[in-house]
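Quick look at final38.txt (compact mmCIF, C-alpha atoms):
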# COMPACT_ATOMS: atom_id res chain seq x y z
CA ASN A 355 -19.28 71.66 -44.05
CA GLU A 356 -22.07 73.31 -42.09
CA ARG A 357 -24.20 75.98 -43.78
CA VAL A 358 -23.88 79.36 -42.05
CA THR A 359 -26.40 82.21 -42.23
CA LEU A 360 -25.49 85.81 -41.39
CA THR A 361 -28.32 88.14 -40.41
CA SER A 362 -28.30 91.81 -39.43
CA ASP A 363 -30.44 93.98 -37.19
CA LYS A 364 -30.73 96.30 -40.22
CA PRO A 365 -31.67 93.93 -43.06
CA ASP A 366 -32.45 96.77 -45.47
CA ALA A 367 -28.82 97.95 -45.20
CA TRP A 368 -27.20 94.51 -44.73
CA PRO A 369 -29.25 91.71 -46.31
CA THR A 370 -29.04 88.11 -45.10
CA THR A 371 -26.16 86.11 -46.62
CA HIS A 372 -25.14 82.45 -46.59
CA ALA A 373 -21.91 80.45 -46.75
CA THR A 374 -20.64 76.91 -46.16
CA ALA A 375 -17.89 76.31 -43.61
CA ASP A 376 -14.88 74.22 -44.61
CA SER A 377 -13.60 71.20 -42.68
CA SER A 378 -11.78 73.46 -40.18
CA GLY A 379 -14.86 75.55 -39.50
CA HIS A 380 -13.77 78.60 -41.49
CA PHE A 381 -16.12 80.40 -43.86
CA THR A 382 -16.21 83.63 -45.87
CA LEU A 383 -19.23 85.86 -46.23
CA PRO A 384 -19.52 88.88 -48.52
CA ILE A 385 -19.97 92.32 -46.96
CA LYS A 386 -23.23 93.63 -48.37
CA VAL A 387 -22.76 97.27 -47.37
CA ALA A 388 -20.21 99.79 -48.61
CA SER A 389 -19.98 101.61 -45.29
CA GLY A 390 -22.03 102.41 -42.23
CA GLY A 391 -23.22 100.99 -38.96
CA PRO A 392 -23.23 100.20 -36.18
CA PHE A 393 -24.71 96.78 -36.97
CA ARG A 394 -25.54 93.78 -34.83
CA LEU A 395 -24.65 90.63 -36.77
CA THR A 396 -25.61 87.05 -35.98
CA ALA A 397 -23.93 84.05 -37.59
CA SER A 398 -26.00 80.91 -37.08
CA GLY A 399 -25.87 77.28 -38.11
CA ALA A 400 -27.03 73.87 -36.99
CA SER A 401 -24.53 73.85 -34.10
CA GLY A 402 -25.49 77.25 -32.65
CA SER A 403 -25.13 80.98 -33.17
CA VAL A 404 -22.82 83.88 -32.34
CA THR A 405 -23.82 87.56 -32.19
CA VAL A 406 -21.44 90.51 -32.51
CA SER A 407 -22.62 94.05 -31.76
CA ASP A 408 -21.39 97.54 -32.64
CA VAL A 409 -19.92 96.52 -36.01
CA LEU A 410 -18.86 99.31 -38.37
CA VAL A 411 -17.95 99.02 -42.05
CA GLY A 412 -15.56 101.50 -43.64
CA ASP A 413 -11.91 102.14 -44.43
CA VAL A 414 -8.86 100.82 -42.56
CA PHE A 415 -5.54 102.64 -42.16
CA LEU A 416 -2.32 100.93 -41.04
CA CYS A 417 0.12 103.19 -39.18
CA SER A 418 3.56 101.69 -38.68
CA GLY A 419 7.14 102.81 -38.31
CA GLN A 420 9.69 104.07 -35.84
CA SER A 421 9.92 106.75 -33.14
CA ASN A 422 8.44 109.55 -35.28
CA MET A 423 5.27 107.50 -35.61
CA VAL A 424 5.35 106.69 -31.88
CA PHE A 425 5.22 110.41 -30.97
CA PRO A 426 1.87 110.81 -29.13
CA ILE A 427 -0.88 113.43 -29.21
CA GLY A 428 -0.21 114.60 -25.66
CA SER A 429 1.63 113.54 -22.57
CA GLY A 430 2.88 115.34 -19.49
CA ASN A 431 2.36 118.73 -17.88
CA ASP A 432 3.57 120.76 -20.86
CA TYR A 433 1.47 119.14 -23.55
CA GLU A 434 -0.83 122.14 -23.99
CA ASP A 435 1.89 124.40 -25.39
CA GLY A 436 4.00 121.95 -27.34
CA LYS A 437 7.07 122.32 -25.11
CA GLY A 438 7.27 118.84 -23.61
CA ASP A 439 9.40 116.01 -24.91
CA GLN A 440 6.33 114.09 -26.07
CA THR A 441 3.94 116.81 -27.22
CA ILE A 442 2.39 118.59 -30.17
CA GLU A 443 1.17 122.17 -30.45
CA ASN A 444 -2.53 122.72 -29.67
CA ALA A 445 -2.66 119.32 -28.02
CA THR A 446 -5.22 120.46 -25.42
CA ALA A 447 -7.69 121.53 -28.13
CA GLU A 448 -7.04 118.41 -30.18
CA ILE A 449 -7.66 116.16 -27.17
CA LYS A 450 -10.90 117.92 -26.22
CA ALA A 451 -12.22 117.67 -29.79
CA ALA A 452 -11.18 114.07 -30.32
CA THR A 453 -14.46 112.25 -29.59
CA ASN A 454 -15.46 110.34 -32.71
CA PRO A 455 -17.42 107.08 -32.25
CA LYS A 456 -16.88 106.22 -35.92
CA MET A 457 -13.09 106.24 -35.58
CA ARG A 458 -11.87 102.99 -34.02
CA VAL A 459 -8.32 101.98 -33.05
CA TRP A 460 -6.61 98.62 -32.75
CA PHE A 461 -3.34 99.24 -30.87
CA VAL A 462 -1.06 96.23 -31.42
CA PRO A 463 0.88 95.20 -28.27
CA THR A 464 4.65 95.58 -28.30
CA THR A 465 6.65 92.69 -26.88
CA GLU A 466 10.32 91.79 -26.59
CA GLU A 467 9.73 89.25 -29.33
CA THR A 468 8.49 91.90 -31.76
CA HIS A 469 11.53 94.05 -30.95
CA LEU A 470 13.87 91.17 -31.75
CA ASN A 471 12.01 89.86 -34.77
CA THR A 472 10.82 92.97 -36.57
CA HIS A 473 11.48 91.35 -39.94
CA THR A 474 8.87 88.68 -39.22
CA PRO A 475 5.39 89.74 -40.41
CA LEU A 476 2.47 89.22 -38.06
CA THR A 477 -0.12 86.96 -39.64
CA ASN A 478 -2.64 87.23 -36.82
CA LEU A 479 -3.38 89.90 -34.21
CA THR A 480 -3.84 88.10 -30.92
CA GLY A 481 -4.24 91.09 -28.62
CA ALA A 482 -5.21 94.75 -28.42
CA CYS A 483 -4.08 97.35 -25.90
CA ASN A 484 -6.33 98.99 -23.35
CA LEU A 485 -5.72 102.62 -24.29
CA THR A 486 -6.91 103.92 -20.92
CA ALA A 487 -4.24 101.80 -19.20
CA LEU A 488 -1.44 103.62 -21.05
CA CYS A 489 -1.92 106.88 -19.14
CA ASP A 490 -1.06 107.56 -15.50
CA GLU A 491 -3.92 108.60 -13.25
CA ALA A 492 -4.54 112.31 -12.79
CA SER A 493 -4.22 113.88 -9.34
CA PRO A 494 -4.33 117.42 -7.88
CA ASP A 495 -0.53 117.49 -8.06
CA ASN A 496 -0.46 116.00 -11.54
CA PRO A 497 -3.57 117.12 -13.45
CA LYS A 498 -2.05 116.26 -16.82
CA PRO A 499 -0.41 112.87 -16.30
CA ASP A 500 1.99 111.16 -18.65
CA CYS A 501 0.86 108.68 -21.26
CA HIS A 502 3.04 105.88 -22.51
CA PRO A 503 3.03 105.68 -26.32
CA SER A 504 4.22 102.08 -26.40
CA CYS A 505 1.92 99.19 -25.58
CA PRO A 506 3.35 96.42 -23.39
CA PRO A 507 1.54 93.08 -23.15
CA THR A 508 0.36 94.01 -19.62
CA ALA A 509 -1.84 96.71 -21.15
CA THR A 510 -3.99 94.13 -22.88
CA ASP A 511 -5.69 93.05 -19.62
CA ALA A 512 -7.17 89.57 -19.23
CA GLY A 513 -9.28 89.68 -22.39
CA ALA A 514 -6.71 89.82 -25.17
CA LEU A 515 -9.19 91.17 -27.74
CA ALA A 516 -11.46 93.06 -25.34
CA HIS A 517 -10.01 96.39 -26.48
CA ALA A 518 -9.93 95.74 -30.22
CA TRP A 519 -11.38 98.63 -32.23
CA THR A 520 -11.65 101.06 -29.31
CA ALA A 521 -13.61 104.24 -30.09
CA VAL A 522 -11.57 107.44 -30.04
CA ASP A 523 -12.44 110.03 -27.40
CA SER A 524 -10.65 112.61 -25.24
CA VAL A 525 -9.25 109.84 -23.00
CA THR A 526 -8.26 107.16 -25.49
CA VAL A 527 -6.70 109.60 -27.97
CA ARG A 528 -3.86 110.78 -25.71
CA PRO A 529 -1.41 107.88 -26.16
CA LEU A 530 -2.10 107.57 -29.89
CA SER A 531 0.41 108.46 -32.58
CA ALA A 532 0.02 112.14 -33.44
CA VAL A 533 1.02 111.64 -37.08
CA CYS A 534 -1.39 108.76 -37.49
CA TYR A 535 -4.38 110.24 -35.68
CA LEU A 536 -4.16 113.71 -37.26
CA THR A 537 -3.64 112.29 -40.76
CA VAL A 538 -6.64 109.99 -40.50
CA ARG A 539 -8.79 112.67 -38.89
CA ASP A 540 -8.01 115.11 -41.72
CA ALA A 541 -8.67 112.43 -44.33
CA MET A 542 -12.10 111.79 -42.80
CA ALA A 543 -12.88 115.53 -42.82
CA ALA A 544 -11.72 115.96 -46.42
CA ARG A 545 -14.12 113.29 -47.64
CA LYS A 546 -17.08 115.10 -46.07
CA ALA A 547 -18.77 111.73 -45.71
CA ASP A 548 -20.06 109.92 -42.65
CA ARG A 549 -17.81 106.93 -43.31
CA PRO A 550 -16.32 104.92 -40.42
CA VAL A 551 -12.57 104.46 -40.20
CA GLY A 552 -10.50 101.83 -38.42
CA ILE A 553 -6.84 102.43 -37.53
CA VAL A 554 -4.34 99.65 -36.86
CA MET A 555 -1.43 101.15 -34.90
CA SER A 556 1.73 99.05 -34.91
CA TYR A 557 5.01 100.86 -34.39
CA ILE A 558 8.25 100.33 -32.47
CA GLY A 559 10.86 103.02 -31.89
CA GLY A 560 14.39 102.22 -32.99
CA THR A 561 13.46 99.44 -35.39
CA PRO A 562 15.20 99.14 -38.77
CA VAL A 563 13.22 100.89 -41.50
CA GLY A 564 13.45 97.80 -43.69
CA ALA A 565 11.24 95.93 -41.25
CA TRP A 566 8.26 98.09 -42.26
CA GLY A 567 8.53 97.56 -46.01
CA PRO A 568 8.12 94.61 -48.36
CA ASP A 569 10.90 92.05 -48.59
For the file at hand, write its structure as structure tokens.
Amino acid sequence: NERVTLTSDKPDAWPTTHATADSSGHFTLPIKVASGGPFRLTASGASGSVTVSDVLVGDVFLCSGQSNMVFPIGSGNDYEDGKGDQTIENATAEIKAATNPKMRVWFVPTTEETHLNTHTPLTNLTGACNLTALCDEASPDNPKPDCHPSCPPTATDAGALAHAWTAVDSVTVRPLSAVCYLTVRDAMAARKADRPVGIVMSYIGGTPVGAWGPD
């Protein structure tokens, strides 16, 4: 039942708000800004304080589905001309132009359990994939290495949430779903507004389509 105060480094855009935690320590605070950031937020109470930096406020897209959604932006030596097994046309240009610090991605890890229990909704995201770990390292003999469009638990590294809301750039974009990324990118451009976007990517090839809809 502790009183919690939330302050921002930009009080004119995000005014100070207050809430009271319940017996389990949970509390809800209103978001006082329609969109924008980045903000540095500090939640403080009698027992201490926690500060979170680089917080954006905007829209969130959920991209889910089967192998067509898994299909990545670019992977392998033929990705520049759309001839590879896991490629799109103009992938080289798309990858080079991908840097957008206001587009953030949460890539949900894929485990054997999620393959076997795709009808069970996730109620909590306990990990996020390291997007840079999904691509092989480049070398003189392999200047355009493969990327792996699925996210095994090993790609989360030691900090399970360390890679939550990763900013999109020419490195992190390569293993991302082409359908998802290009759709969200075009939606951002169509709005002609400097509004941040978060993307939750959660897809598994070969899963039954019913697993991605309501019961």
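Going from atom CA of Pro463 of chain A to atom CA of Val563 of chain A covers 19.0 Å.
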query: For Gly412 of chain A, which residue out of A:Pro494, A:Pro550, A:His380, A:Ala447 is the nearest one, using all atoms listed in the file?
result: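 Going through A:Pro494, A:Pro550, A:His380, A:Ala447 one by one, the smallest distance to Gly412 of chain A is for A:Pro550.
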Kindly assemble as a tab-separated table a list of the segment 375-453 of chain A residues that lie within 9 Å of segment 523-527 of chain A, each paired with its nearest atom pair and their distance in Å to one decimal, using only C-alpha atoms, sorted first by chain and then by ascending residue number.
residue	atom	partner	partner_atom	distance
A:Pro426	CA	A:Val527	CA	8.7
A:Ile427	CA	A:Val527	CA	7.1
A:Gly428	CA	A:Val527	CA	8.5
A:Glu448	CA	A:Ser524	CA	8.4
A:Ile449	CA	A:Ser524	CA	5.0
A:Lys450	CA	A:Ser524	CA	5.4
A:Ala451	CA	A:Ser524	CA	7.0
A:Ala452	CA	A:Asp523	CA	5.1
A:Thr453	CA	A:Asp523	CA	3.7
Residue subset to file, keeping C-alpha atoms, as an mmCIF file, keeping the file's coordinate frame:
data_model
loop_
_atom_site.group_PDB
_atom_site.id
_atom_site.type_symbol
_atom_site.label_atom_id
_atom_site.label_comp_id
_atom_site.auth_asym_id
_atom_site.auth_seq_id
_atom_site.Cartn_x
_atom_site.Cartn_y
_atom_site.Cartn_z
ATOM 1 C CA PRO A 426 1.870 110.810 -29.130
ATOM 2 C CA ILE A 427 -0.880 113.430 -29.210
ATOM 3 C CA GLY A 428 -0.210 114.600 -25.660
ATOM 4 C CA GLU A 448 -7.040 118.410 -30.180
ATOM 5 C CA ILE A 449 -7.660 116.160 -27.170
ATOM 6 C CA LYS A 450 -10.900 117.920 -26.220
ATOM 7 C CA ALA A 451 -12.220 117.670 -29.790
ATOM 8 C CA ALA A 452 -11.180 114.070 -30.320
ATOM 9 C CA THR A 453 -14.460 112.250 -29.590
#
message: Would you compute the distance between atom CA of Lys456 of chain A and atom CA of Ile558 of chain A? Give it in Å to one decimal.
response: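 Separation between atom CA of Lys456 of chain A and atom CA of Ile558 of chain A: 26.0 Å.
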task: Could you tell me which of A:Ala547, A:Pro529, A:Val404, A:Thr359 comes closest to Leu383 of chain A if we count all atoms listed in the file?
output: A:Thr359
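For the residues A:Thr405, A:Thr370, A:Thr520, A:Asn444, ranking by smallest atom-to-atom distance to Phe461 of chain A using all atoms listed in the file places A:Thr520 first.
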Separation of atom CA of Ser378 of chain A from atom CA of Leu479 of chain A, in Å and rounded to one decimal: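 A separation of 19.4 Å between them.
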task: May I have the protein, DNA and RNA residues with any atom at most 12 Å from the point (-23.2, 80.4, -33.5), counting all atoms listed in the file, written as number ranges by chain?
output: A: 356-361, 379, 395-406
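Among A:Gly567, A:Gly552, A:Pro384, A:Gly391, the residue with the shortest atom-to-atom distance to Tyr535 of chain A, counting all atoms listed in the file, is A:Gly552.
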May I have the centre and edge lengths, in Å to one decimal, of an axis-aligned box around the listed atoms of segment 361-371 of chain A with 4 Å added to every side, as JSON?
{"center_x": -29.3, "center_y": 92.0, "center_z": -41.9, "size_x": 14.3, "size_y": 19.8, "size_z": 17.4}
message: Between A:Val409, A:Cys483, A:Leu530, A:Cys417, which residue has the minimum interatomic distance to Lys364 of chain A, considering all atoms listed in the file?
response: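 Closest to Lys364 of chain A of all the choices is A:Val409.
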query: In terms of the shortest atom-to-atom distance over only C-alpha atoms, which of A:Val522, A:Asp540, A:Phe381, A:Met555 is closest to Ala482 of chain A?
result: A:Met555
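Neighbouring residues of Val533 of chain A at 10 Å or closer, counting only C-alpha atoms and skipping chain neighbours under 4 positions away, are Cys417, Asn422, Met423, Val424, Phe425, Pro426, Ile427, Ile442, Thr537 and Val538 of chain A.
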Rebuild segment 453-464 of chain A to all heavy atoms - output it as a PDB file, keeping the file's coordinate frame, please.
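part.pdb, written as the output of this step:
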ATOM      1  N   THR A 453     -13.406 113.265 -29.647  1.00  0.00           N
ATOM      2  CA  THR A 453     -14.460 112.250 -29.590  1.00  0.00           C
ATOM      3  C   THR A 453     -15.059 111.980 -30.962  1.00  0.00           C
ATOM      4  O   THR A 453     -15.602 112.881 -31.607  1.00  0.00           O
ATOM      5  CB  THR A 453     -15.563 112.673 -28.604  1.00  0.00           C
ATOM      6  OG1 THR A 453     -14.989 112.796 -27.304  1.00  0.00           O
ATOM      7  CG2 THR A 453     -16.675 111.639 -28.565  1.00  0.00           C
ATOM      8  N   ASN A 454     -14.929 110.733 -31.401  1.00  0.00           N
ATOM      9  CA  ASN A 454     -15.460 110.340 -32.710  1.00  0.00           C
ATOM     10  C   ASN A 454     -15.798 108.850 -32.650  1.00  0.00           C
ATOM     11  O   ASN A 454     -14.919 108.007 -32.833  1.00  0.00           O
ATOM     12  CB  ASN A 454     -14.442 110.613 -33.812  1.00  0.00           C
ATOM     13  CG  ASN A 454     -15.005 110.359 -35.201  1.00  0.00           C
ATOM     14  OD1 ASN A 454     -16.041 109.704 -35.349  1.00  0.00           O
ATOM     15  ND2 ASN A 454     -14.339 110.864 -36.216  1.00  0.00           N
ATOM     16  N   PRO A 455     -17.063 108.493 -32.386  1.00  0.00           N
ATOM     17  CA  PRO A 455     -17.420 107.080 -32.250  1.00  0.00           C
ATOM     18  C   PRO A 455     -17.256 106.267 -33.528  1.00  0.00           C
ATOM     19  O   PRO A 455     -17.274 105.037 -33.480  1.00  0.00           O
ATOM     20  CB  PRO A 455     -18.893 107.140 -31.822  1.00  0.00           C
ATOM     21  CG  PRO A 455     -19.375 108.472 -32.293  1.00  0.00           C
ATOM     22  CD  PRO A 455     -18.208 109.395 -32.197  1.00  0.00           C
ATOM     23  N   LYS A 456     -17.073 106.945 -34.663  1.00  0.00           N
ATOM     24  CA  LYS A 456     -16.880 106.220 -35.920  1.00  0.00           C
ATOM     25  C   LYS A 456     -15.419 106.107 -36.305  1.00  0.00           C
ATOM     26  O   LYS A 456     -15.095 105.650 -37.403  1.00  0.00           O
ATOM     27  CB  LYS A 456     -17.696 106.870 -37.036  1.00  0.00           C
ATOM     28  CG  LYS A 456     -19.190 106.685 -36.830  1.00  0.00           C
ATOM     29  CD  LYS A 456     -19.979 106.896 -38.084  1.00  0.00           C
ATOM     30  CE  LYS A 456     -21.445 106.510 -37.865  1.00  0.00           C
ATOM     31  NZ  LYS A 456     -22.236 106.648 -39.102  1.00  0.00           N
ATOM     32  N   MET A 457     -14.517 106.499 -35.408  1.00  0.00           N
ATOM     33  CA  MET A 457     -13.090 106.240 -35.580  1.00  0.00           C
ATOM     34  C   MET A 457     -12.690 105.235 -34.510  1.00  0.00           C
ATOM     35  O   MET A 457     -12.787 105.501 -33.317  1.00  0.00           O
ATOM     36  CB  MET A 457     -12.253 107.516 -35.450  1.00  0.00           C
ATOM     37  CG  MET A 457     -10.755 107.273 -35.641  1.00  0.00           C
ATOM     38  SD  MET A 457      -9.711 108.732 -35.303  1.00  0.00           S
ATOM     39  CE  MET A 457     -10.120 109.772 -36.701  1.00  0.00           C
ATOM     40  N   ARG A 458     -12.232 104.069 -34.939  1.00  0.00           N
ATOM     41  CA  ARG A 458     -11.870 102.990 -34.020  1.00  0.00           C
ATOM     42  C   ARG A 458     -10.391 102.648 -34.165  1.00  0.00           C
ATOM     43  O   ARG A 458      -9.835 102.727 -35.270  1.00  0.00           O
ATOM     44  CB  ARG A 458     -12.718 101.747 -34.286  1.00  0.00           C
ATOM     45  CG  ARG A 458     -14.233 101.995 -34.299  1.00  0.00           C
ATOM     46  CD  ARG A 458     -14.772 102.295 -32.925  1.00  0.00           C
ATOM     47  NE  ARG A 458     -16.189 102.597 -32.946  1.00  0.00           N
ATOM     48  CZ  ARG A 458     -17.158 101.689 -32.839  1.00  0.00           C
ATOM     49  NH1 ARG A 458     -16.849 100.399 -32.728  1.00  0.00           N
ATOM     50  NH2 ARG A 458     -18.423 102.056 -32.847  1.00  0.00           N
ATOM     51  N   VAL A 459      -9.761 102.251 -33.060  1.00  0.00           N
ATOM     52  CA  VAL A 459      -8.320 101.980 -33.050  1.00  0.00           C
ATOM     53  C   VAL A 459      -8.040 100.574 -32.530  1.00  0.00           C
ATOM     54  O   VAL A 459      -8.622 100.144 -31.528  1.00  0.00           O
ATOM     55  CB  VAL A 459      -7.577 103.003 -32.162  1.00  0.00           C
ATOM     56  CG1 VAL A 459      -6.096 102.651 -32.062  1.00  0.00           C
ATOM     57  CG2 VAL A 459      -7.755 104.411 -32.716  1.00  0.00           C
ATOM     58  N   TRP A 460      -7.164  99.888 -33.233  1.00  0.00           N
ATOM     59  CA  TRP A 460      -6.610  98.620 -32.750  1.00  0.00           C
ATOM     60  C   TRP A 460      -5.125  98.866 -32.513  1.00  0.00           C
ATOM     61  O   TRP A 460      -4.338  98.984 -33.451  1.00  0.00           O
ATOM     62  CB  TRP A 460      -6.811  97.512 -33.777  1.00  0.00           C
ATOM     63  CG  TRP A 460      -6.437  96.133 -33.283  1.00  0.00           C
ATOM     64  CD1 TRP A 460      -5.328  95.773 -32.565  1.00  0.00           C
ATOM     65  CD2 TRP A 460      -7.184  94.923 -33.452  1.00  0.00           C
ATOM     66  NE1 TRP A 460      -5.332  94.433 -32.290  1.00  0.00           N
ATOM     67  CE2 TRP A 460      -6.464  93.887 -32.819  1.00  0.00           C
ATOM     68  CE3 TRP A 460      -8.393  94.616 -34.077  1.00  0.00           C
ATOM     69  CZ2 TRP A 460      -6.906  92.565 -32.808  1.00  0.00           C
ATOM     70  CZ3 TRP A 460      -8.829  93.313 -34.068  1.00  0.00           C
ATOM     71  CH2 TRP A 460      -8.097  92.291 -33.446  1.00  0.00           C
ATOM     72  N   PHE A 461      -4.727  98.976 -31.236  1.00  0.00           N
ATOM     73  CA  PHE A 461      -3.340  99.240 -30.870  1.00  0.00           C
ATOM     74  C   PHE A 461      -2.667  97.893 -30.626  1.00  0.00           C
ATOM     75  O   PHE A 461      -2.968  97.188 -29.672  1.00  0.00           O
ATOM     76  CB  PHE A 461      -3.312 100.104 -29.605  1.00  0.00           C
ATOM     77  CG  PHE A 461      -2.031 100.889 -29.411  1.00  0.00           C
ATOM     78  CD1 PHE A 461      -2.039 102.093 -28.733  1.00  0.00           C
ATOM     79  CD2 PHE A 461      -0.817 100.423 -29.891  1.00  0.00           C
ATOM     80  CE1 PHE A 461      -0.877 102.817 -28.538  1.00  0.00           C
ATOM     81  CE2 PHE A 461       0.351 101.127 -29.709  1.00  0.00           C
ATOM     82  CZ  PHE A 461       0.322 102.344 -29.026  1.00  0.00           C
ATOM     83  N   VAL A 462      -1.724  97.533 -31.489  1.00  0.00           N
ATOM     84  CA  VAL A 462      -1.060  96.230 -31.420  1.00  0.00           C
ATOM     85  C   VAL A 462      -0.042  96.234 -30.281  1.00  0.00           C
ATOM     86  O   VAL A 462       0.805  97.130 -30.204  1.00  0.00           O
ATOM     87  CB  VAL A 462      -0.367  95.890 -32.744  1.00  0.00           C
ATOM     88  CG1 VAL A 462       0.340  94.544 -32.664  1.00  0.00           C
ATOM     89  CG2 VAL A 462      -1.385  95.915 -33.882  1.00  0.00           C
ATOM     90  N   PRO A 463      -0.077  95.251 -29.378  1.00  0.00           N
ATOM     91  CA  PRO A 463       0.880  95.200 -28.270  1.00  0.00           C
ATOM     92  C   PRO A 463       2.323  95.061 -28.758  1.00  0.00           C
ATOM     93  O   PRO A 463       2.590  94.429 -29.780  1.00  0.00           O
ATOM     94  CB  PRO A 463       0.457  93.954 -27.484  1.00  0.00           C
ATOM     95  CG  PRO A 463      -0.966  93.728 -27.863  1.00  0.00           C
ATOM     96  CD  PRO A 463      -1.086  94.186 -29.283  1.00  0.00           C
ATOM     97  N   THR A 464       3.231  95.666 -28.015  1.00  0.00           N
ATOM     98  CA  THR A 464       4.650  95.580 -28.300  1.00  0.00           C
ATOM     99  C   THR A 464       5.302  94.641 -27.291  1.00  0.00           C
ATOM    100  O   THR A 464       5.140  94.824 -26.084  1.00  0.00           O
ATOM    101  CB  THR A 464       5.314  96.963 -28.182  1.00  0.00           C
ATOM    102  OG1 THR A 464       4.690  97.852 -29.105  1.00  0.00           O
ATOM    103  CG2 THR A 464       6.788  96.878 -28.507  1.00  0.00           C
TER     104      THR A 464
END
